[in-house]
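Everything below belongs to input-v4.cif, which stores mmCIF, C-alpha atoms.
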data_data
loop_
_atom_site.label_atom_id
_atom_site.label_comp_id
_atom_site.auth_asym_id
_atom_site.auth_seq_id
_atom_site.Cartn_x
_atom_site.Cartn_y
_atom_site.Cartn_z
CA MET A 1 98.00 -15.72 -96.91
CA ASP A 2 95.10 -18.12 -97.22
CA LYS A 3 92.42 -17.17 -94.67
CA ARG A 4 90.47 -20.33 -95.54
CA ILE A 5 92.87 -22.12 -93.28
CA LEU A 6 90.73 -20.92 -90.38
CA ASP A 7 87.74 -22.72 -91.84
CA VAL A 8 89.02 -25.87 -90.18
CA GLU A 9 87.28 -25.82 -86.82
CA THR A 10 90.31 -27.05 -84.88
CA ARG A 11 92.55 -24.34 -86.29
CA ARG A 12 89.97 -21.69 -85.57
CA GLU A 13 89.77 -22.93 -81.99
CA LEU A 14 93.56 -22.80 -81.62
CA PHE A 15 93.75 -19.37 -83.24
CA GLN A 16 91.07 -17.99 -80.92
CA LEU A 17 92.78 -19.48 -77.87
CA ILE A 18 96.10 -17.87 -78.81
CA GLN A 19 94.34 -14.62 -79.65
CA SER A 20 92.87 -14.38 -76.17
CA ASN A 21 95.89 -15.85 -74.33
CA LEU A 22 98.98 -14.48 -76.01
CA GLY A 23 102.24 -16.28 -75.35
CA LEU A 24 100.83 -19.71 -74.47
CA HIS A 25 103.22 -22.56 -75.14
CA MET A 26 102.34 -25.70 -77.08
CA ARG A 27 101.84 -28.04 -74.14
CA GLU A 28 99.57 -25.52 -72.45
CA ILE A 29 97.56 -25.12 -75.66
CA ALA A 30 97.21 -28.92 -75.90
CA ARG A 31 96.12 -29.02 -72.28
CA ARG A 32 93.52 -26.29 -72.63
CA THR A 33 92.04 -27.73 -75.80
CA ASP A 34 92.31 -31.36 -74.66
CA MET A 35 94.06 -32.28 -77.91
CA GLN A 36 97.00 -34.55 -78.56
CA LEU A 37 100.28 -32.64 -78.56
CA SER A 38 101.14 -33.94 -82.03
CA LEU A 39 97.80 -32.71 -83.41
CA VAL A 40 98.30 -29.27 -81.86
CA GLU A 41 101.83 -29.16 -83.28
CA TYR A 42 100.50 -30.01 -86.75
CA HIS A 43 97.82 -27.31 -86.71
CA LEU A 44 100.13 -24.69 -85.20
CA ARG A 45 102.69 -25.37 -87.91
CA SER A 46 99.98 -24.89 -90.47
CA LEU A 47 98.89 -21.60 -88.85
CA GLU A 48 102.52 -20.48 -88.76
CA GLU A 49 103.09 -21.35 -92.42
CA ASN A 50 100.07 -19.22 -93.26
CA GLU A 51 101.42 -16.34 -91.16
CA LEU A 52 98.42 -16.25 -88.86
CA VAL A 53 100.46 -16.94 -85.76
CA TYR A 54 104.13 -16.88 -84.94
CA ALA A 55 106.24 -18.54 -82.27
CA ILE A 56 109.03 -17.07 -80.19
CA LYS A 57 111.35 -19.47 -78.40
CA GLU A 58 111.75 -18.48 -74.77
CA GLY A 59 113.15 -20.60 -71.96
CA GLY A 60 112.89 -23.84 -73.94
CA TYR A 61 109.26 -23.22 -74.93
CA ASN A 62 107.80 -22.02 -78.19
CA ARG A 63 105.32 -19.33 -77.20
CA TYR A 64 102.64 -18.42 -79.71
CA TYR A 65 101.30 -15.02 -80.73
CA VAL A 66 98.75 -13.86 -83.25
CA ASP A 67 100.31 -12.01 -86.16
CA ASP A 68 100.12 -8.28 -85.33
CA ASP A 69 99.26 -7.22 -88.87
CA LEU A 70 96.01 -9.14 -88.91
CA PRO A 71 92.90 -7.03 -88.50
CA GLU A 72 91.55 -9.79 -86.26
CA ALA A 73 94.72 -9.83 -84.17
CA GLY A 74 92.72 -8.83 -81.09
CA GLY A 75 94.94 -9.10 -78.04
CA GLY A 76 98.02 -9.17 -80.27
CA GLY A 77 97.31 -5.68 -81.53
CA ARG A 78 97.12 -4.32 -78.01
CA LEU A 79 100.67 -5.15 -76.99
CA ASP A 80 103.73 -3.63 -78.61
CA SER A 81 106.88 -5.67 -79.17
CA SER A 82 108.49 -4.54 -75.91
CA GLN A 83 105.35 -5.49 -73.96
CA LYS A 84 105.34 -8.90 -75.65
CA ARG A 85 108.90 -9.48 -74.49
CA LYS A 86 107.74 -8.65 -70.99
CA LEU A 87 104.81 -11.03 -71.38
CA HIS A 88 107.26 -13.88 -72.24
CA LEU A 89 108.85 -13.38 -68.87
CA LEU A 90 105.63 -12.90 -66.96
CA ARG A 91 104.32 -16.24 -68.21
CA GLN A 92 107.15 -17.88 -66.31
CA ASN A 93 106.57 -18.91 -62.75
CA ILE A 94 109.44 -17.17 -60.92
CA PRO A 95 109.21 -13.76 -62.67
CA LEU A 96 105.45 -13.82 -62.13
CA ARG A 97 105.90 -14.55 -58.43
CA VAL A 98 108.42 -11.70 -58.14
CA VAL A 99 105.95 -9.31 -59.80
CA CYS A 100 103.11 -10.50 -57.53
CA VAL A 101 105.25 -9.81 -54.45
CA LEU A 102 106.14 -6.34 -55.74
CA LEU A 103 102.53 -5.58 -56.62
CA ASP A 104 101.55 -6.42 -53.04
CA ASN A 105 104.55 -4.77 -51.44
CA PRO A 106 106.22 -2.27 -53.80
CA LYS A 107 109.02 -1.58 -51.33
CA ALA A 108 109.98 -5.22 -50.77
CA LYS A 109 113.69 -5.68 -50.14
CA HIS A 110 115.80 -8.32 -51.86
CA LYS A 111 115.69 -10.46 -48.70
CA GLU A 112 111.87 -10.31 -48.61
CA LEU A 113 111.67 -11.26 -52.28
CA HIS A 114 113.93 -14.23 -51.59
CA GLU A 115 111.73 -15.35 -48.70
CA CYS A 116 108.50 -15.01 -50.70
CA VAL A 117 109.63 -16.54 -54.00
CA GLU A 118 111.30 -19.52 -52.29
CA VAL A 119 114.01 -20.34 -54.81
CA SER A 120 117.78 -20.40 -54.42
CA ALA A 121 119.55 -17.03 -54.28
CA SER A 122 121.34 -17.72 -57.56
CA THR A 123 118.09 -18.65 -59.37
CA LEU A 124 116.39 -15.54 -58.05
CA SER A 125 119.33 -13.33 -59.11
CA TYR A 126 119.24 -14.89 -62.59
CA HIS A 127 115.56 -14.04 -63.02
CA LEU A 128 115.88 -10.58 -61.47
CA THR A 129 118.69 -9.73 -63.90
CA ARG A 130 116.53 -10.83 -66.83
CA MET A 131 113.62 -8.77 -65.54
CA VAL A 132 115.81 -5.68 -65.17
CA LYS A 133 117.10 -6.24 -68.69
CA ALA A 134 113.52 -6.55 -69.98
CA GLU A 135 112.71 -3.26 -68.20
CA ILE A 136 110.11 -4.81 -65.94
CA LEU A 137 112.13 -4.00 -62.82
CA ILE A 138 114.63 -1.38 -61.79
CA LYS A 139 117.34 -1.94 -59.24
CA VAL A 140 117.36 0.40 -56.26
CA ARG A 141 119.82 0.72 -53.43
CA ARG A 142 119.24 2.47 -50.12
CA GLY A 143 122.30 2.33 -47.91
CA LYS A 144 123.11 -1.33 -47.37
CA ASP A 145 119.71 -2.50 -48.61
CA LYS A 146 119.39 -3.69 -52.17
CA GLY A 147 115.94 -3.90 -53.72
CA TYR A 148 113.88 -3.94 -56.87
CA ARG A 149 110.89 -1.88 -57.94
CA LEU A 150 108.45 -2.29 -60.79
CA MET A 151 109.49 0.07 -63.54
CA ASP A 152 105.89 0.74 -64.56
CA ARG A 153 103.28 -0.82 -62.28
CA LYS A 154 100.41 0.23 -64.52
CA GLU A 155 101.98 -1.34 -67.61
CA VAL A 156 102.70 -4.60 -65.76
CA LEU A 157 99.06 -4.80 -64.65
CA TYR A 158 97.95 -4.09 -68.21
CA ILE A 159 100.19 -6.84 -69.64
CA LEU A 160 98.95 -9.32 -67.01
CA MET A 161 95.37 -8.42 -67.87
CA VAL A 162 95.72 -8.53 -71.68
CA GLY A 163 97.79 -11.72 -71.54
CA HIS A 164 95.32 -13.37 -69.12
CA VAL A 165 98.20 -14.22 -66.79
CA ALA A 166 97.28 -15.41 -63.31
CA PRO A 167 99.59 -16.65 -60.57
CA PRO A 168 99.71 -20.45 -60.48
CA ASP A 169 98.00 -22.09 -57.52
CA VAL A 170 98.35 -25.54 -55.97
CA VAL A 171 96.16 -27.11 -58.70
CA ASP A 172 98.35 -25.63 -61.47
CA GLY A 173 101.41 -26.99 -59.65
CA PHE A 174 99.78 -30.42 -59.46
CA ILE A 175 98.92 -30.37 -63.17
CA SER A 176 102.38 -29.29 -64.32
CA THR A 177 104.15 -31.78 -62.03
CA TRP A 178 102.13 -34.72 -63.31
CA GLU A 179 102.31 -33.57 -66.91
CA GLU A 180 106.10 -33.49 -66.63
CA PHE A 181 105.93 -37.02 -65.22
CA PHE A 182 103.70 -38.30 -68.04
CA MET B 183 93.46 -41.52 -26.05
CA PHE B 184 93.42 -43.27 -29.44
CA PRO B 185 96.22 -45.69 -30.35
CA LEU B 186 98.88 -44.29 -32.68
CA GLU B 187 97.92 -46.60 -35.61
CA ASN B 188 94.36 -45.21 -35.59
CA ILE B 189 95.66 -41.65 -35.84
CA VAL B 190 98.15 -42.54 -38.63
CA VAL B 191 95.44 -44.26 -40.69
CA ALA B 192 93.01 -41.37 -40.14
CA LEU B 193 95.65 -38.82 -41.19
CA SER B 194 96.51 -40.78 -44.36
CA CYS B 195 92.78 -40.85 -45.11
CA VAL B 196 92.63 -37.03 -44.81
CA LEU B 197 95.72 -36.70 -47.04
CA ALA B 198 94.18 -39.00 -49.68
CA ALA B 199 90.95 -36.96 -49.56
CA THR B 200 92.91 -33.71 -50.04
CA LEU B 201 94.81 -35.15 -53.03
CA LEU B 202 91.54 -36.48 -54.42
CA VAL B 203 90.01 -32.99 -54.32
CA ILE B 204 93.14 -31.41 -55.91
CA SER B 205 93.23 -34.01 -58.70
CA ALA B 206 89.51 -33.55 -59.36
CA LEU B 207 90.05 -29.77 -59.61
CA ALA B 208 93.08 -30.44 -61.86
CA TYR B 209 90.89 -32.50 -64.18
CA LYS B 210 88.18 -29.85 -64.19
CA ARG B 211 90.76 -27.20 -65.11
CA SER B 212 92.89 -29.13 -67.57
CA LYS B 213 90.39 -31.63 -69.02
CA ASN B 214 93.35 -34.00 -69.18
CA LYS B 215 92.10 -37.59 -68.87
CA LYS B 216 95.22 -38.57 -66.96
CA MET B 217 94.17 -36.26 -64.13
CA LEU B 218 90.93 -38.24 -63.97
CA ILE B 219 92.94 -41.47 -63.65
CA LEU B 220 94.98 -39.86 -60.86
CA ALA B 221 91.73 -38.88 -59.17
CA GLY B 222 90.82 -42.59 -59.42
CA VAL B 223 94.09 -43.56 -57.71
CA PHE B 224 93.46 -41.15 -54.85
CA THR B 225 89.85 -42.37 -54.60
CA ILE B 226 91.17 -45.89 -54.04
CA PHE B 227 93.62 -44.65 -51.38
CA PHE B 228 90.83 -42.67 -49.76
CA ALA B 229 88.51 -45.70 -49.80
CA LYS B 230 91.26 -47.80 -48.23
CA GLY B 231 91.82 -45.14 -45.58
CA VAL B 232 88.12 -44.98 -44.73
CA PHE B 233 87.88 -48.77 -44.62
CA LEU B 234 90.88 -49.19 -42.30
CA THR B 235 89.81 -46.27 -40.11
CA VAL B 236 86.36 -47.80 -39.64
CA CYS B 237 87.91 -51.20 -38.87
CA LEU B 238 90.37 -49.76 -36.35
CA PHE B 239 87.92 -47.47 -34.59
CA ALA B 240 85.29 -50.23 -34.50
CA GLY B 241 87.74 -52.29 -32.47
CA ILE B 242 87.69 -55.38 -34.69
CA ASP B 243 89.60 -58.22 -33.00
CA SER B 244 91.52 -59.53 -35.97
CA LEU B 245 92.97 -57.10 -38.51
CA TYR B 246 93.90 -59.95 -40.85
CA TRP B 247 91.17 -59.33 -43.43
CA PRO B 248 91.27 -55.53 -43.24
CA PHE B 249 94.99 -55.61 -44.07
CA ILE B 250 94.47 -58.14 -46.87
CA ILE B 251 91.75 -55.93 -48.40
CA GLY B 252 93.93 -52.84 -47.81
CA GLY B 253 96.80 -54.56 -49.65
CA ILE B 254 94.52 -55.42 -52.56
CA LEU B 255 93.38 -51.76 -52.75
CA ASP B 256 97.05 -50.64 -52.71
CA GLY B 257 97.74 -53.01 -55.59
CA ALA B 258 94.73 -51.70 -57.50
CA ALA B 259 95.89 -48.10 -56.98
CA LEU B 260 99.38 -48.93 -58.24
CA ILE B 261 97.97 -50.67 -61.33
CA VAL B 262 95.77 -47.65 -62.09
CA LEU B 263 98.80 -45.39 -61.59
CA TYR B 264 100.77 -47.53 -64.04
CA ILE B 265 97.91 -47.32 -66.55
CA SER B 266 97.96 -43.54 -66.24
CA THR B 267 101.52 -43.48 -67.56
CA MET B 268 100.35 -45.17 -70.76
CA ARG B 269 98.87 -43.29 -73.68
CA VAL B 270 95.12 -42.83 -73.29
#
Can the structure from this file be put into structure tokens for me?
Amino acid sequence: MDKRILDVETRRELFQLIQSNLGLHMREIARRTDMQLSLVEYHLRSLEENELVYAIKEGGYNRYYVDDDLPEAGGGGRLDSSQKRKLHLLRQNIPLRVVCVLLDNPKAKHKELHECVEVSASTLSYHLTRMVKAEILIKVRRGKDKGYRLMDRKEVLYILMVGHVAPPDVVDGFISTWEEFF
Amino acid sequence: MFPLENIVVALSCVLAATLLVISALAYKRSKNKKMLILAGVFTIFFAKGVFLTVCLFAGIDSLYWPFIIGGILDGAALIVLYISTMRV
């Protein structure tokens, strides 16, 4: 591996952004650095070829991580592979909203989740199944009531903190809507 | 009691101002120049709203010129919106 690749200021900037925000996807990286998507793609490919970062495809996005073996991996070294899988999911809007509801109200029933997350029942079920599979949630049943609980609340908070994940607000919604349009 | 058209124009002015603030925050957060162009579009709509509101509440006899100017501002906003879809 040629570490001189980080001598290029742009690549260093991208590397440091990924290091402190694990699991960002390319468009988000381009947005945060105010660079052209094609330029970001070029530099990320170069970083990947030099094994400084790697991408994992998740939900149609390539999400970038700093190589765990690097001494300067920073945030990357603080999450194990299972936590990184959880981070993939938590970077997505619906799973993040589900987690936020359960952090606020750990005993929320399925119906309450549905009301708070505001997506169709089938979409919510799809995401809940994925979250159970990723061991973020566990399914609980009390009588007729079906619900979900966070498997490890402390770990989820840790992943959200290390991954710098914050719930999207109205401004984020505005940005993503218009960026899709452009 | 204000006439309905005054209230509609005033409400659209408030809506344009809200969208202007959101787009300005979006630019501040994303540093994407297209958000700045969108902020420009909403500024034009807001300016139009303020202009028409002032004209209506001032009780101007003929609304011919205010509507002509409002139409021109609409056109300008649409042109800026079209420009925002181009590569910048």
| task | Please write the residues picked by the PyMOL selection byres ((chain A) within 9 of (chain B)) on this file as number ranges by chain. | result | A: 31-35, 170-172, 174-175, 178-179, 181-182
| Point-to-point distance in Å for CA of Leu90 in chain A and CA of Ile159 in chain A | 8.6 Å
| message | If the PyMOL selection byres ((chain B and resi 186-190) around 8) were run on this exact file, what residues would it hold? Put them as a list in words. | response |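 What the PyMOL selection byres ((chain B and resi 186-190) around 8) grabs from the file is Phe184, Pro185, Val191, Ala192, Leu193, Ser194, Thr235, Leu238 and Phe239 of chain B.
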| query | Can you tell me, as a ChimeraX atom specification, what residues are no more than 8 Å from Thr225 in chain B when counting all atoms listed in the file, ignoring any on the same chain fewer than 6 positions away? | reply | /B:198-199,202
| Which one of A:Gln83, A:Ile138, A:Gly60, A:Asn93 sits closest to Glu118 in chain A if you count all atoms listed in the file? |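 With all atoms listed in the file as the atom set, the closest residue is A:Asn93.
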| task | Give me the result of the PyMOL selection byres ((chain B and resi 260) around 12) on this file, residue by residue, as a list in words. | result |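 Applying the expression gives Ile219, Leu220, Gly222, Val223, Phe224, Ile226, Phe227, Gly253, Ile254, Leu255, Asp256, Gly257, Ala258, Ala259, Ile261, Val262, Leu263, Tyr264, Ile265, Ser266 and Thr267 of chain B.
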| Any idea what the distance is between CA of Val40 in chain A and CA of Gly23 in chain A? | 15.1 Å
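Among the candidates B:Lys210, B:Ala221, B:Trp247, B:Leu197, the residue lying nearest to Phe233 in chain B is B:Trp247 (atoms considered: all atoms listed in the file).
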Once 5 Å is added on each side, what centre and edge lengths in Å to one decimal does the axis-aligned box around all listed atoms of range 207-225 of chain B have, as lines of an AutoDock Vina configuration file?
center_x = 91.7
center_y = -35.4
center_z = -61.9
size_x = 17.0
size_y = 26.4
size_z = 24.6
| What is the CA of Asp67 in chain A-CA of Cys100 in chain A distance in Å, reported with one decimal? | 28.8 Å
| said: Show me the residues around (95.7, -12.0, -67.1) - criterion: an atom at most 12 Å away, all atoms listed in the file counted - as a PyMOL selection string. | reply: chain A and resi 20-24+75+87+90-91+96+156-168
Any chance you could export the current selection's C-alpha atoms as a short mmCIF file (atom, residue, chain, number, x, y, z; two decimals), in the coordinates of the input?
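part01.cif was written with the following content:
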data_model
loop_
_atom_site.label_atom_id
_atom_site.label_comp_id
_atom_site.auth_asym_id
_atom_site.auth_seq_id
_atom_site.Cartn_x
_atom_site.Cartn_y
_atom_site.Cartn_z
CA SER A 20 92.87 -14.38 -76.17
CA ASN A 21 95.89 -15.85 -74.33
CA LEU A 22 98.98 -14.48 -76.01
CA GLY A 23 102.24 -16.28 -75.35
CA LEU A 24 100.83 -19.71 -74.47
CA GLY A 75 94.94 -9.10 -78.04
CA LEU A 87 104.81 -11.03 -71.38
CA LEU A 90 105.63 -12.90 -66.96
CA ARG A 91 104.32 -16.24 -68.21
CA LEU A 96 105.45 -13.82 -62.13
CA VAL A 156 102.70 -4.60 -65.76
CA LEU A 157 99.06 -4.80 -64.65
CA TYR A 158 97.95 -4.09 -68.21
CA ILE A 159 100.19 -6.84 -69.64
CA LEU A 160 98.95 -9.32 -67.01
CA MET A 161 95.37 -8.42 -67.87
CA VAL A 162 95.72 -8.53 -71.68
CA GLY A 163 97.79 -11.72 -71.54
CA HIS A 164 95.32 -13.37 -69.12
CA VAL A 165 98.20 -14.22 -66.79
CA ALA A 166 97.28 -15.41 -63.31
CA PRO A 167 99.59 -16.65 -60.57
CA PRO A 168 99.71 -20.45 -60.48
#
| request: Considering only C-alpha atoms, state which residue in the set B:Ala240, B:Ala229, B:Val196, B:Leu218 is at the smallest distance from Gly252 in chain B. | output: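 Among the listed residues, the smallest separation from Gly252 in chain B belongs to B:Ala229.
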| message | From (105.9, -10.9, -56.8), in the file's coordinates, out to 12 Å: which residues are reached, counting only C-alpha atoms? Answer as a ChimeraX atom specification. | response | /A:90,92-110,112-118,124,127-128,131,136-137,148-150,153,156,166-168
Once you've located chain B in the structure I gave, write it as a PDB file, in the first residue's frame, keeping C-alpha atoms.
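Okay, selection17.pdb is ready:
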ATOM      1  CA  MET B 183     -62.536  41.675   7.734  1.00  0.00           C
ATOM      2  CA  PHE B 184     -59.909  41.444   4.979  1.00  0.00           C
ATOM      3  CA  PRO B 185     -60.914  40.239   1.513  1.00  0.00           C
ATOM      4  CA  LEU B 186     -60.001  36.627   0.727  1.00  0.00           C
ATOM      5  CA  GLU B 187     -57.408  37.575  -1.953  1.00  0.00           C
ATOM      6  CA  ASN B 188     -55.435  39.617   0.607  1.00  0.00           C
ATOM      7  CA  ILE B 189     -55.280  36.640   2.962  1.00  0.00           C
ATOM      8  CA  VAL B 190     -54.276  34.210   0.168  1.00  0.00           C
ATOM      9  CA  VAL B 191     -51.456  36.504  -1.005  1.00  0.00           C
ATOM     10  CA  ALA B 192     -50.257  37.065   2.578  1.00  0.00           C
ATOM     11  CA  LEU B 193     -50.238  33.301   3.254  1.00  0.00           C
ATOM     12  CA  SER B 194     -48.278  32.575   0.058  1.00  0.00           C
ATOM     13  CA  CYS B 195     -45.809  35.242   1.180  1.00  0.00           C
ATOM     14  CA  VAL B 196     -45.361  33.454   4.533  1.00  0.00           C
ATOM     15  CA  LEU B 197     -44.931  30.109   2.732  1.00  0.00           C
ATOM     16  CA  ALA B 198     -42.289  31.600   0.403  1.00  0.00           C
ATOM     17  CA  ALA B 199     -40.467  33.075   3.415  1.00  0.00           C
ATOM     18  CA  THR B 200     -40.487  29.667   5.166  1.00  0.00           C
ATOM     19  CA  LEU B 201     -39.110  27.919   2.063  1.00  0.00           C
ATOM     20  CA  LEU B 202     -36.525  30.673   1.696  1.00  0.00           C
ATOM     21  CA  VAL B 203     -35.287  30.058   5.252  1.00  0.00           C
ATOM     22  CA  ILE B 204     -35.207  26.251   4.718  1.00  0.00           C
ATOM     23  CA  SER B 205     -33.299  26.577   1.433  1.00  0.00           C
ATOM     24  CA  ALA B 206     -30.821  28.996   3.027  1.00  0.00           C
ATOM     25  CA  LEU B 207     -30.255  26.495   5.863  1.00  0.00           C
ATOM     26  CA  ALA B 208     -29.939  23.725   3.248  1.00  0.00           C
ATOM     27  CA  TYR B 209     -27.213  25.702   1.497  1.00  0.00           C
ATOM     28  CA  LYS B 210     -25.434  26.408   4.768  1.00  0.00           C
ATOM     29  CA  ARG B 211     -25.481  22.691   5.599  1.00  0.00           C
ATOM     30  CA  SER B 212     -24.747  21.197   2.199  1.00  0.00           C
ATOM     31  CA  LYS B 213     -22.689  23.961   0.539  1.00  0.00           C
ATOM     32  CA  ASN B 214     -24.400  22.849  -2.665  1.00  0.00           C
ATOM     33  CA  LYS B 215     -24.642  25.825  -5.040  1.00  0.00           C
ATOM     34  CA  LYS B 216     -27.977  24.578  -6.347  1.00  0.00           C
ATOM     35  CA  MET B 217     -29.494  25.158  -2.913  1.00  0.00           C
ATOM     36  CA  LEU B 218     -28.356  28.769  -3.229  1.00  0.00           C
ATOM     37  CA  ILE B 219     -30.146  29.025  -6.585  1.00  0.00           C
ATOM     38  CA  LEU B 220     -33.277  27.563  -4.963  1.00  0.00           C
ATOM     39  CA  ALA B 221     -32.957  30.154  -2.214  1.00  0.00           C
ATOM     40  CA  GLY B 222     -32.899  32.725  -5.045  1.00  0.00           C
ATOM     41  CA  VAL B 223     -36.138  31.294  -6.482  1.00  0.00           C
ATOM     42  CA  PHE B 224     -37.874  31.500  -3.115  1.00  0.00           C
ATOM     43  CA  THR B 225     -36.511  35.027  -2.612  1.00  0.00           C
ATOM     44  CA  ILE B 226     -38.217  36.060  -5.853  1.00  0.00           C
ATOM     45  CA  PHE B 227     -41.492  34.420  -4.753  1.00  0.00           C
ATOM     46  CA  PHE B 228     -41.178  36.110  -1.374  1.00  0.00           C
ATOM     47  CA  ALA B 229     -40.491  39.487  -3.003  1.00  0.00           C
ATOM     48  CA  LYS B 230     -43.535  39.007  -5.232  1.00  0.00           C
ATOM     49  CA  GLY B 231     -45.645  38.085  -2.202  1.00  0.00           C
ATOM     50  CA  VAL B 232     -44.517  41.170  -0.280  1.00  0.00           C
ATOM     51  CA  PHE B 233     -45.113  43.395  -3.308  1.00  0.00           C
ATOM     52  CA  LEU B 234     -48.642  42.092  -3.940  1.00  0.00           C
ATOM     53  CA  THR B 235     -49.507  42.138  -0.231  1.00  0.00           C
ATOM     54  CA  VAL B 236     -48.459  45.780   0.028  1.00  0.00           C
ATOM     55  CA  CYS B 237     -50.442  46.646  -3.118  1.00  0.00           C
ATOM     56  CA  LEU B 238     -53.570  44.846  -1.908  1.00  0.00           C
ATOM     57  CA  PHE B 239     -53.494  46.150   1.645  1.00  0.00           C
ATOM     58  CA  ALA B 240     -52.723  49.677   0.413  1.00  0.00           C
ATOM     59  CA  GLY B 241     -56.007  49.559  -1.479  1.00  0.00           C
ATOM     60  CA  ILE B 242     -54.594  50.466  -4.900  1.00  0.00           C
ATOM     61  CA  ASP B 243     -57.446  51.067  -7.363  1.00  0.00           C
ATOM     62  CA  SER B 244     -56.065  49.238 -10.360  1.00  0.00           C
ATOM     63  CA  LEU B 245     -54.217  45.945  -9.887  1.00  0.00           C
ATOM     64  CA  TYR B 246     -53.141  45.918 -13.542  1.00  0.00           C
ATOM     65  CA  TRP B 247     -49.490  46.821 -12.943  1.00  0.00           C
ATOM     66  CA  PRO B 248     -49.073  44.802  -9.743  1.00  0.00           C
ATOM     67  CA  PHE B 249     -50.216  41.668 -11.596  1.00  0.00           C
ATOM     68  CA  ILE B 250     -47.986  42.439 -14.586  1.00  0.00           C
ATOM     69  CA  ILE B 251     -44.966  42.849 -12.263  1.00  0.00           C
ATOM     70  CA  GLY B 252     -46.036  39.734 -10.316  1.00  0.00           C
ATOM     71  CA  GLY B 253     -46.169  37.781 -13.588  1.00  0.00           C
ATOM     72  CA  ILE B 254     -42.697  38.993 -14.541  1.00  0.00           C
ATOM     73  CA  LEU B 255     -41.373  37.879 -11.118  1.00  0.00           C
ATOM     74  CA  ASP B 256     -43.035  34.462 -11.613  1.00  0.00           C
ATOM     75  CA  GLY B 257     -41.303  34.172 -14.976  1.00  0.00           C
ATOM     76  CA  ALA B 258     -37.971  35.158 -13.436  1.00  0.00           C
ATOM     77  CA  ALA B 259     -38.396  32.541 -10.685  1.00  0.00           C
ATOM     78  CA  LEU B 260     -39.174  29.831 -13.248  1.00  0.00           C
ATOM     79  CA  ILE B 261     -36.129  30.775 -15.338  1.00  0.00           C
ATOM     80  CA  VAL B 262     -33.896  30.632 -12.251  1.00  0.00           C
ATOM     81  CA  LEU B 263     -35.441  27.253 -11.363  1.00  0.00           C
ATOM     82  CA  TYR B 264     -34.677  26.004 -14.871  1.00  0.00           C
ATOM     83  CA  ILE B 265     -31.085  27.250 -14.544  1.00  0.00           C
ATOM     84  CA  SER B 266     -30.758  25.321 -11.286  1.00  0.00           C
ATOM     85  CA  THR B 267     -31.370  22.069 -13.155  1.00  0.00           C
ATOM     86  CA  MET B 268     -28.340  22.756 -15.344  1.00  0.00           C
ATOM     87  CA  ARG B 269     -24.809  21.902 -14.322  1.00  0.00           C
ATOM     88  CA  VAL B 270     -23.216  24.713 -12.310  1.00  0.00           C
TER      89      VAL B 270
END
